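Quick look at structure_15.txt (compact mmCIF, C-alpha atoms and all ligand atoms):
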# COMPACT_ATOMS: atom_id res chain seq x y z
CA MET A 1 29.53 -10.56 -8.22
CA LYS A 2 27.42 -12.91 -6.20
CA ARG A 3 23.93 -13.75 -7.37
CA LEU A 4 20.89 -13.60 -5.10
CA ASN A 5 20.42 -17.38 -5.23
CA THR A 6 23.94 -18.05 -3.99
CA GLN A 7 23.57 -15.58 -1.13
CA LEU A 8 20.23 -17.06 -0.07
CA GLN A 9 21.75 -20.56 -0.08
CA GLU A 10 24.71 -19.36 1.99
CA ASP A 11 22.24 -17.80 4.44
CA GLY A 12 20.65 -21.23 4.90
CA CYS A 13 17.36 -20.24 3.28
CA PRO A 14 15.09 -23.27 2.63
CA LEU A 15 14.55 -24.13 -1.05
CA GLU A 16 10.84 -23.38 -1.01
CA LEU A 17 11.45 -19.93 0.44
CA ILE A 18 14.11 -19.26 -2.23
CA LEU A 19 11.58 -20.22 -4.89
CA LEU A 20 8.95 -17.95 -3.35
CA ILE A 21 11.40 -15.03 -3.25
CA ARG A 22 12.35 -15.62 -6.89
CA THR A 23 8.67 -15.62 -7.85
CA LEU A 24 8.08 -12.39 -5.95
CA LEU A 25 11.07 -10.80 -7.66
CA ALA A 26 9.81 -11.86 -11.09
CA ALA A 27 6.72 -9.77 -10.33
CA CYS A 28 8.87 -6.86 -9.10
CA LYS A 29 10.92 -6.94 -12.29
CA GLU A 30 7.73 -6.52 -14.27
CA ILE A 31 6.66 -3.64 -12.00
CA SER A 32 10.11 -2.11 -12.43
CA PHE A 33 9.66 -2.23 -16.19
CA ARG A 34 6.19 -0.66 -16.04
CA VAL A 35 7.43 2.07 -13.69
CA SER A 36 10.37 2.85 -15.95
CA GLN A 37 8.03 3.27 -18.92
CA GLY A 38 6.41 6.18 -17.06
CA ALA A 39 3.96 8.21 -19.11
CA LEU A 40 4.80 6.11 -22.17
CA ALA A 41 3.00 3.17 -20.59
CA GLY A 42 -0.09 5.33 -20.11
CA VAL A 43 -0.33 4.24 -16.51
CA LEU A 44 0.16 7.48 -14.60
CA GLY A 45 -2.56 9.51 -12.90
CA SER A 46 -5.43 8.57 -10.61
CA THR A 47 -8.12 5.98 -11.10
CA LEU A 48 -11.60 6.85 -9.89
CA SER A 49 -11.60 4.43 -6.97
CA ASP A 50 -10.29 4.67 -3.41
CA ASN A 51 -8.51 1.82 -1.62
CA VAL A 52 -9.36 0.33 1.76
CA GLN A 53 -7.40 3.08 3.54
CA GLY A 54 -9.68 5.67 1.91
CA GLU A 55 -6.83 6.88 -0.30
CA ARG A 56 -7.06 7.61 -4.01
CA GLN A 57 -5.42 4.73 -5.89
CA LYS A 58 -2.97 5.39 -8.67
CA LYS A 59 -3.17 3.23 -11.72
CA LEU A 60 0.29 1.91 -10.98
CA ASP A 61 -0.91 0.82 -7.51
CA VAL A 62 -3.62 -1.24 -9.10
CA ILE A 63 -1.36 -2.66 -11.79
CA SER A 64 1.42 -3.56 -9.33
CA ASN A 65 -1.06 -5.19 -6.97
CA GLN A 66 -2.49 -7.27 -9.81
CA ILE A 67 0.93 -8.38 -11.06
CA LEU A 68 2.00 -9.50 -7.57
CA LYS A 69 -1.31 -11.21 -6.86
CA ASP A 70 -1.37 -13.12 -10.15
CA ILE A 71 2.19 -14.40 -9.97
CA LEU A 72 2.18 -15.25 -6.26
CA SER A 73 -1.22 -16.91 -6.15
CA GLU A 74 -0.32 -19.13 -9.10
CA SER A 75 3.09 -20.07 -7.69
CA GLY A 76 1.86 -22.76 -5.28
CA TYR A 77 4.21 -21.54 -2.51
CA VAL A 78 1.71 -19.13 -0.97
CA LYS A 79 -1.27 -20.03 1.20
CA ALA A 80 -2.63 -16.50 1.49
CA ILE A 81 -1.87 -12.93 0.49
CA SER A 82 -2.55 -9.70 2.30
CA SER A 83 -2.05 -6.44 0.43
CA GLU A 84 -2.41 -2.75 1.18
CA GLU A 85 -4.68 -2.56 -1.84
CA GLU A 86 -7.03 -5.39 -0.81
CA ASP A 87 -9.72 -5.11 1.86
CA HIS A 88 -9.51 -8.82 2.65
CA VAL A 89 -6.99 -11.64 2.66
CA ILE A 90 -6.74 -13.54 -0.63
CA GLY A 91 -6.71 -17.32 -0.23
CA CYS A 92 -4.28 -19.16 -2.52
CA ASN A 93 -2.94 -22.75 -2.40
CA PRO A 94 -4.30 -24.61 0.69
CA ASP A 95 -0.97 -26.50 0.79
CA GLY A 96 1.16 -23.37 0.41
CA LYS A 97 3.76 -22.98 3.17
CA TYR A 98 3.89 -19.19 3.36
CA LEU A 99 1.85 -16.07 4.02
CA ILE A 100 2.92 -12.92 2.24
CA SER A 101 1.96 -9.32 2.98
CA PHE A 102 2.92 -6.46 0.68
CA ASP A 103 2.53 -2.82 -0.13
CA PRO A 104 2.65 -3.15 -3.92
CA LEU A 105 3.75 0.43 -4.53
CA ASP A 106 4.81 2.48 -1.55
CA GLY A 107 5.04 6.22 -2.15
CA SER A 108 2.67 6.04 -5.07
CA SER A 109 2.10 9.79 -4.98
CA ASN A 110 5.70 9.98 -6.25
CA THR A 111 4.80 8.22 -9.51
CA ASP A 112 3.62 11.39 -11.21
CA ILE A 113 6.89 13.22 -10.44
CA ASN A 114 9.22 10.38 -11.51
CA SER A 115 10.55 10.01 -7.98
CA LEU A 116 11.35 7.07 -5.70
CA ILE A 117 8.77 4.33 -5.14
CA GLY A 118 9.01 0.68 -4.18
CA THR A 119 7.39 -2.62 -3.26
CA ILE A 120 7.63 -3.67 0.41
CA PHE A 121 7.08 -7.31 1.44
CA SER A 122 6.98 -9.55 4.48
CA VAL A 123 6.86 -13.37 4.55
CA MET A 124 5.77 -15.61 7.42
CA HIS A 125 5.06 -19.33 7.80
CA ALA A 126 1.45 -20.29 7.17
CA PRO A 127 0.00 -22.21 10.12
CA GLN A 128 -1.27 -25.64 9.03
CA TRP A 129 -4.61 -25.16 10.80
CA MET A 130 -5.62 -22.09 8.86
CA GLU A 131 -8.13 -21.86 6.04
CA PRO A 132 -6.46 -19.95 3.16
CA ASP A 133 -8.82 -16.98 3.48
CA ASP A 134 -8.53 -16.73 7.28
CA PRO A 135 -7.09 -13.31 8.20
CA SER A 136 -6.35 -14.33 11.79
CA ALA A 137 -3.36 -16.41 10.62
CA PHE A 138 -1.64 -13.16 9.62
CA LEU A 139 -1.91 -11.77 13.12
CA GLN A 140 1.57 -12.81 14.20
CA PRO A 141 4.18 -10.37 15.55
CA GLY A 142 6.99 -9.23 13.25
CA THR A 143 9.45 -11.48 15.10
CA GLN A 144 7.83 -14.35 13.14
CA GLN A 145 8.90 -13.02 9.73
CA VAL A 146 11.11 -15.43 7.78
CA ALA A 147 11.97 -12.93 5.06
CA ALA A 148 11.32 -9.26 4.47
CA GLY A 149 12.50 -6.48 2.25
CA TYR A 150 11.73 -4.00 -0.46
CA VAL A 151 12.43 -3.44 -4.11
CA LEU A 152 13.24 0.21 -4.79
CA TYR A 153 12.42 1.55 -8.25
CA GLY A 154 14.95 4.36 -8.53
CA PRO A 155 17.72 5.28 -10.95
CA SER A 156 18.63 1.63 -10.48
CA THR A 157 16.29 -1.08 -9.25
CA MET A 158 17.54 -2.35 -5.92
CA LEU A 159 16.50 -5.06 -3.52
CA ALA A 160 17.10 -4.86 0.24
CA MET A 161 16.34 -8.15 1.93
CA THR A 162 16.85 -10.15 5.08
CA THR A 163 16.07 -13.74 5.91
CA GLY A 164 17.37 -13.24 9.44
CA ARG A 165 21.09 -13.53 8.56
CA GLY A 166 21.92 -9.88 8.03
CA THR A 167 20.55 -7.32 5.60
CA HIS A 168 21.92 -7.41 2.08
CA LEU A 169 21.51 -5.02 -0.86
CA TYR A 170 21.26 -6.24 -4.43
CA THR A 171 21.08 -4.35 -7.71
CA LEU A 172 19.07 -5.53 -10.69
CA ASP A 173 21.33 -6.09 -13.67
CA LYS A 174 18.91 -5.27 -16.45
CA THR A 175 21.20 -6.80 -19.07
CA HIS A 176 20.42 -10.32 -17.85
CA GLY A 177 17.58 -9.74 -15.37
CA GLY A 178 19.34 -11.01 -12.23
CA PHE A 179 19.77 -9.37 -8.83
CA LEU A 180 23.48 -9.16 -7.91
CA LEU A 181 24.79 -8.65 -4.39
CA THR A 182 26.18 -5.11 -4.18
CA ARG A 183 26.35 -4.63 -0.37
CA ASN A 184 26.75 -7.55 1.93
CA ASN A 185 25.68 -7.36 5.56
CA VAL A 186 24.83 -3.66 5.67
CA GLN A 187 25.58 -1.97 9.00
CA VAL A 188 23.66 1.21 9.78
CA PRO A 189 26.00 3.71 11.51
CA LYS A 190 25.09 3.88 15.23
CA GLU A 191 25.15 7.66 15.29
CA THR A 192 23.75 10.19 12.85
CA GLN A 193 23.15 13.87 12.17
CA GLU A 194 20.30 13.34 9.73
CA PHE A 195 16.58 12.97 10.38
CA ALA A 196 13.47 12.38 8.28
CA ILE A 197 10.05 13.41 9.51
CA ASN A 198 7.12 15.31 7.99
CA THR A 199 7.51 18.48 10.05
CA SER A 200 4.29 19.93 8.62
CA ASN A 201 2.56 17.71 11.20
CA GLN A 202 4.55 19.15 14.08
CA ARG A 203 1.61 20.82 15.82
CA HIS A 204 -0.25 17.49 15.87
CA TRP A 205 2.50 15.44 17.55
CA GLU A 206 2.64 14.37 21.19
CA PRO A 207 4.67 16.73 23.43
CA CYS A 208 7.55 14.20 23.68
CA MET A 209 7.99 14.20 19.88
CA GLN A 210 7.72 18.00 19.72
CA GLU A 211 10.47 18.23 22.31
CA TYR A 212 12.72 15.69 20.57
CA VAL A 213 12.53 17.46 17.19
CA ALA A 214 12.91 20.90 18.81
CA ASP A 215 16.17 19.63 20.35
CA LEU A 216 17.37 18.38 16.94
CA LEU A 217 16.56 21.74 15.38
CA ALA A 218 18.42 23.58 18.15
CA GLY A 219 21.59 22.04 16.69
CA ASP A 220 24.92 22.61 18.40
CA GLN A 221 23.32 25.30 20.59
CA GLY A 222 20.85 22.76 22.06
CA PRO A 223 21.05 19.74 24.37
CA ARG A 224 22.08 17.36 21.54
CA GLY A 225 25.21 19.46 20.93
CA LYS A 226 25.39 18.91 17.16
CA ASN A 227 23.77 20.21 13.97
CA TYR A 228 21.29 18.00 12.15
CA ASN A 229 20.25 17.93 8.50
CA MET A 230 16.79 16.90 7.29
CA ARG A 231 15.64 14.76 4.32
CA TRP A 232 12.12 13.66 3.30
CA VAL A 233 11.44 11.56 0.20
CA ALA A 234 7.71 11.10 1.04
CA ALA A 235 8.05 7.41 0.28
CA MET A 236 9.06 5.31 3.27
CA VAL A 237 10.91 2.96 0.96
CA GLY A 238 13.18 5.79 -0.25
CA ASP A 239 13.77 7.22 3.21
CA ILE A 240 14.56 3.82 4.72
CA HIS A 241 16.92 3.04 1.85
CA ARG A 242 18.88 6.21 2.58
CA VAL A 243 18.97 5.38 6.31
CA LEU A 244 20.19 1.84 5.59
CA CYS A 245 22.90 3.19 3.30
CA ARG A 246 24.26 6.06 5.40
CA GLY A 247 22.38 6.22 8.72
CA GLY A 248 19.74 8.60 10.01
CA ILE A 249 16.41 8.36 11.75
CA PHE A 250 13.08 8.02 9.98
CA ALA A 251 10.05 8.85 12.11
CA TYR A 252 6.34 8.75 11.47
CA PRO A 253 4.98 9.22 14.98
CA TRP A 254 1.39 9.15 16.19
CA ASP A 255 -0.37 12.45 15.66
CA ASN A 256 -3.80 13.74 16.58
CA ARG A 257 -5.10 14.53 13.10
CA GLU A 258 -7.12 11.31 13.34
CA PRO A 259 -6.75 10.37 17.00
CA ASN A 260 -8.32 6.92 16.57
CA LYS A 261 -5.55 5.90 14.12
CA PRO A 262 -2.38 4.85 15.93
CA GLY A 263 -0.02 6.31 13.30
CA LYS A 264 -0.02 6.53 9.50
CA LEU A 265 2.10 3.59 8.46
CA ARG A 266 0.89 0.01 8.37
CA LEU A 267 2.33 -2.61 10.65
CA MET A 268 2.15 -5.75 8.52
CA TYR A 269 3.52 -4.52 5.19
CA GLU A 270 5.46 -1.34 6.07
CA ALA A 271 6.65 -1.16 9.69
CA ASN A 272 7.41 -4.87 10.30
CA PRO A 273 9.49 -5.54 7.18
CA MET A 274 11.43 -2.28 7.61
CA ALA A 275 11.99 -3.05 11.31
CA PHE A 276 13.33 -6.52 10.45
CA LEU A 277 15.72 -5.04 7.85
CA MET A 278 16.81 -2.30 10.25
CA GLU A 279 17.47 -4.59 13.22
CA GLN A 280 19.35 -7.04 11.01
CA ALA A 281 21.53 -4.10 9.95
CA GLY A 282 22.28 -3.15 13.58
CA GLY A 283 19.74 -0.32 13.70
CA GLY A 284 16.80 0.39 15.98
CA ALA A 285 13.06 -0.02 15.32
CA SER A 286 10.62 1.26 17.92
CA THR A 287 7.09 2.59 18.22
CA GLY A 288 8.41 4.93 20.92
CA ARG A 289 6.86 2.64 23.52
CA GLY A 290 8.20 -0.75 22.48
CA ARG A 291 9.91 -2.79 19.79
CA ILE A 292 7.95 -2.70 16.50
CA LEU A 293 8.64 -6.41 15.91
CA GLU A 294 6.89 -7.30 19.17
CA VAL A 295 3.63 -5.49 18.44
CA MET A 296 0.82 -8.06 18.46
CA PRO A 297 -1.35 -7.24 15.45
CA THR A 298 -5.12 -7.14 15.75
CA ASP A 299 -5.91 -6.30 12.14
CA ILE A 300 -4.14 -6.85 8.81
CA HIS A 301 -4.35 -3.13 8.00
CA GLN A 302 -3.32 -1.96 11.47
CA ARG A 303 -1.33 1.25 11.73
CA VAL A 304 1.57 1.92 14.06
CA PRO A 305 3.94 4.79 14.94
CA VAL A 306 7.51 4.17 13.73
CA LEU A 307 11.00 5.31 14.71
CA LEU A 308 13.58 3.53 12.56
CA GLY A 309 17.29 4.00 12.02
CA SER A 310 20.66 4.54 13.66
CA ALA A 311 20.57 2.69 16.99
CA ASP A 312 21.79 5.54 19.22
CA GLU A 313 19.42 8.07 17.62
CA VAL A 314 16.38 5.79 17.93
CA GLU A 315 17.32 5.22 21.57
CA ALA A 316 17.69 8.98 22.11
CA CYS A 317 14.25 9.58 20.61
CA VAL A 318 12.67 6.80 22.71
CA SER A 319 14.14 8.40 25.85
CA TYR A 320 11.83 11.41 25.30
CA TYR A 321 8.81 9.10 25.52
CA LYS A 322 9.89 8.05 29.01
CA ASP A 323 10.06 11.52 30.55
P1 LIG B 401 1.49 6.49 -0.49
O1 LIG B 401 1.97 5.13 -0.86
O2 LIG B 401 0.01 6.58 -0.36
O3 LIG B 401 2.06 7.57 -1.37
O4 LIG B 401 2.00 6.79 1.00
C1 LIG B 401 3.34 6.75 1.30
C2 LIG B 401 3.53 6.80 2.78
O5 LIG B 401 2.64 5.94 3.42
C3 LIG B 401 4.96 6.48 3.19
O6 LIG B 401 5.67 5.79 2.23
C4 LIG B 401 5.59 7.82 3.44
O7 LIG B 401 6.60 7.77 4.37
C5 LIG B 401 4.43 8.63 3.90
O8 LIG B 401 3.29 8.08 3.26
C6 LIG B 401 4.55 10.06 3.52
O9 LIG B 401 3.59 10.72 4.23
P2 LIG B 401 3.27 12.28 4.08
O10 LIG B 401 2.11 12.33 3.16
O11 LIG B 401 2.96 12.69 5.47
O12 LIG B 401 4.49 12.97 3.53
As structure tokens, please, write out the structure in this file.
Amino acid sequence: MKRLNTQLQEDGCPLELILLIRTLLAACKEISFRVSQGALAGVLGSTLSDNVQGERQKKLDVISNQILKDILSESGYVKAISSEEEDHVIGCNPDGKYLISFDPLDGSSNTDINSLIGTIFSVMHAPQWMEPDDPSAFLQPGTQQVAAGYVLYGPSTMLAMTTGRGTHLYTLDKTHGGFLLTRNNVQVPKETQEFAINTSNQRHWEPCMQEYVADLLAGDQGPRGKNYNMRWVAAMVGDIHRVLCRGGIFAYPWDNREPNKPGKLRLMYEANPMAFLMEQAGGGASTGRGRILEVMPTDIHQRVPVLLGSADEVEACVSYYKD
């Protein structure tokens, strides 16, 4: 089986980026270990503080964030870090070549039920002009990502990653600590009969989304002419992994629970990396009104609506936004 290093070299990845990725994965291996210890590690449950999004942090959120921050800021490859768990950008090496954004532990509410969680990351070039703690340098569209992916802490620990030459899946071999290529150049099936959306928010969606999901639920009696099944992991990383592996559509559309927030998921460290992975696997990635990767960010914690998955299904969903 091919090792991660070999695949990255074959994909023409520059040495410094390979070294950055290896450093990031060293942190993820430690997170994987902590996660697998579960209650034994005494890390489950809530802390008393809220994060910048106003959400209650889990201890594992805090621990994972700290592990990633420590390893990456000491590596020398990174100029600045932006994290879901940090209000502000963290300046690192002024000569570092890369900016990295991450959600240290996506789906953290799943930690207490021993269910899927993961680390999502996105890497861009650091502009030479920027001061390391300057957030404006991060405000580049997702098309500028040079690497993106996630590490899924499930029954096995898996890495999905792209450096712009296809999306590959790797599995952590815990006997020697290396990630081995287990699916090369993943292709998301163009069509699907599976969707993932939190239907408890249905009454809050825009009419176009209500209509789209109503048509899915109408099954072979409705305009789509086929029956659909539904899945919801409640961790984007788990839902996107399923979609990458066997197709489907994952949607977290805008809703009017908090009308000033343009969606729930974050552009820089959730939507953009998943959109890059999805497009590199032949899938679609839209906000409903445009390509996710072309959204021009205005804030490092910006939110965005997402429709990700099988190309034909994403296109079908987007067509409802045009009516
Ligand atoms: P947490 O990391 O705070 O658990 O949030 C996970 C998430 O942002 C995303 O991974 C899920 O797709 C989504 O929330 C689940 O949202 P619901 O709470 O609406 O099920």
Test item: residues no farther than 9 Å from ligand LIG 401 (chain B), counting all atoms listed in the file, as a PDB file with C-alpha atoms, keeping the file's coordinate frame:
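part-v4.pdb written:
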ATOM      1  CA  GLU A  55      -6.830   6.880  -0.300  1.00  0.00           C
ATOM      2  CA  ARG A  56      -7.060   7.610  -4.010  1.00  0.00           C
ATOM      3  CA  GLN A  57      -5.420   4.730  -5.890  1.00  0.00           C
ATOM      4  CA  LYS A  58      -2.970   5.390  -8.670  1.00  0.00           C
ATOM      5  CA  ASP A  61      -0.910   0.820  -7.510  1.00  0.00           C
ATOM      6  CA  ASP A 103       2.530  -2.820  -0.130  1.00  0.00           C
ATOM      7  CA  PRO A 104       2.650  -3.150  -3.920  1.00  0.00           C
ATOM      8  CA  LEU A 105       3.750   0.430  -4.530  1.00  0.00           C
ATOM      9  CA  ASP A 106       4.810   2.480  -1.550  1.00  0.00           C
ATOM     10  CA  GLY A 107       5.040   6.220  -2.150  1.00  0.00           C
ATOM     11  CA  SER A 108       2.670   6.040  -5.070  1.00  0.00           C
ATOM     12  CA  SER A 109       2.100   9.790  -4.980  1.00  0.00           C
ATOM     13  CA  ASN A 110       5.700   9.980  -6.250  1.00  0.00           C
ATOM     14  CA  THR A 111       4.800   8.220  -9.510  1.00  0.00           C
ATOM     15  CA  ILE A 117       8.770   4.330  -5.140  1.00  0.00           C
ATOM     16  CA  GLY A 118       9.010   0.680  -4.180  1.00  0.00           C
ATOM     17  CA  ILE A 197      10.050  13.410   9.510  1.00  0.00           C
ATOM     18  CA  ASN A 198       7.120  15.310   7.990  1.00  0.00           C
ATOM     19  CA  THR A 199       7.510  18.480  10.050  1.00  0.00           C
ATOM     20  CA  SER A 200       4.290  19.930   8.620  1.00  0.00           C
ATOM     21  CA  ASN A 201       2.560  17.710  11.200  1.00  0.00           C
ATOM     22  CA  TRP A 232      12.120  13.660   3.300  1.00  0.00           C
ATOM     23  CA  VAL A 233      11.440  11.560   0.200  1.00  0.00           C
ATOM     24  CA  ALA A 234       7.710  11.100   1.040  1.00  0.00           C
ATOM     25  CA  ALA A 235       8.050   7.410   0.280  1.00  0.00           C
ATOM     26  CA  MET A 236       9.060   5.310   3.270  1.00  0.00           C
ATOM     27  CA  VAL A 237      10.910   2.960   0.960  1.00  0.00           C
ATOM     28  CA  GLY A 238      13.180   5.790  -0.250  1.00  0.00           C
ATOM     29  CA  ASP A 239      13.770   7.220   3.210  1.00  0.00           C
ATOM     30  CA  ILE A 240      14.560   3.820   4.720  1.00  0.00           C
ATOM     31  CA  PHE A 250      13.080   8.020   9.980  1.00  0.00           C
ATOM     32  CA  ALA A 251      10.050   8.850  12.110  1.00  0.00           C
ATOM     33  CA  TYR A 252       6.340   8.750  11.470  1.00  0.00           C
ATOM     34  CA  LYS A 264      -0.020   6.530   9.500  1.00  0.00           C
ATOM     35  CA  LEU A 265       2.100   3.590   8.460  1.00  0.00           C
ATOM     36  CA  ARG A 266       0.890   0.010   8.370  1.00  0.00           C
ATOM     37  CA  GLU A 270       5.460  -1.340   6.070  1.00  0.00           C
TER      38      GLU A 270
END
Taking into account all atoms listed in the file, which residue in the set A:Phe276, A:Tyr269, A:Tyr321, A:Phe179 is nearest to Arg289 (chain A)?
->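 Between A:Phe276, A:Tyr269, A:Tyr321, A:Phe179, the residue approaching Arg289 (chain A) most closely is A:Tyr321.
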Nearest to Gln37 (chain A): which of A:Ala214, A:Asn114, A:Pro14, A:Lys2 is it, counting only C-alpha atoms?
-> A:Asn114
State, in Å with one decimal place, the distance from CA of Gly177 (chain A) to CA of Arg165 (chain A).
->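 Distance between the two atoms: 24.5 Å.
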What's the 12 Å shell around Val243 (chain A), counting only C-alpha atoms, without same-chain residues fewer than 2 positions away, as a PyMOL selection string?
-> chain A and resi 186-196+230-233+236-241+245-251+274+277-278+281-284+307-311+313-314
Pairwise distance for CA of Asp112 (chain A) and CA of Thr182 (chain A), rounded to one decimal in Å =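 We find that CA of Asp112 (chain A) and CA of Thr182 (chain A) lie 28.8 Å from each other.
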Taking (-2.5, -17.2, -6.9) in the file's coordinates, which residues come within 8 Å, counting only C-alpha atoms, written as an NGL selection string?
-> :A and (69-76 or 78 or 91-93)
Within 6 Å of Met161 (chain A), counting only C-alpha atoms, which residues qualify if same-chain residues fewer than 6 places away don't, as number ranges by chain?
-> A: 148-149, 167-168
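Residues near the point (-7.8, -5.5, 12.1), at a distance of 12 Å or less over all atoms listed in the file, make up Val52, Ser82, Asp87, His88, Val89, Pro135, Ser136, Ala137, Phe138, Leu139, Lys261, Arg266, Leu267, Met268, Met296, Pro297, Thr298, Asp299, Ile300, His301, Gln302 and Arg303 of chain A.
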Calculate how many Å separate CA of Leu180 (chain A) from CA of Leu4 (chain A), rounding to one decimal.
->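 If I compute the distance from CA of Leu180 (chain A) to CA of Leu4 (chain A), I get 5.9 Å.
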With all atoms listed in the file as the atoms that count, which of A:Leu60, A:Leu24, A:Gln140, A:Gly290 lies nearest to Lys322 (chain A)?
-> A:Gly290
Point out the residue among A:Leu181, A:Ala285, A:Ala27, A:Ala218 with the least atom-to-atom distance to Asn65 (chain A), counting all atoms listed in the file.
->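 So, comparing all the options, the nearest one is A:Ala27.
Nearest to Ser115 (chain A) of all the residues A:Ala271, A:Ser36, A:Ser319, A:Thr6 is A:Ser36, counting all atoms listed in the file.
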Nearest to Asp215 (chain A) by atom-to-atom distance, counting all atoms listed in the file, from A:Tyr150, A:Asn185, A:Tyr320, A:Thr23 |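 Once distances to Asp215 (chain A) are computed over all atoms listed in the file, the minimum belongs to A:Tyr320.
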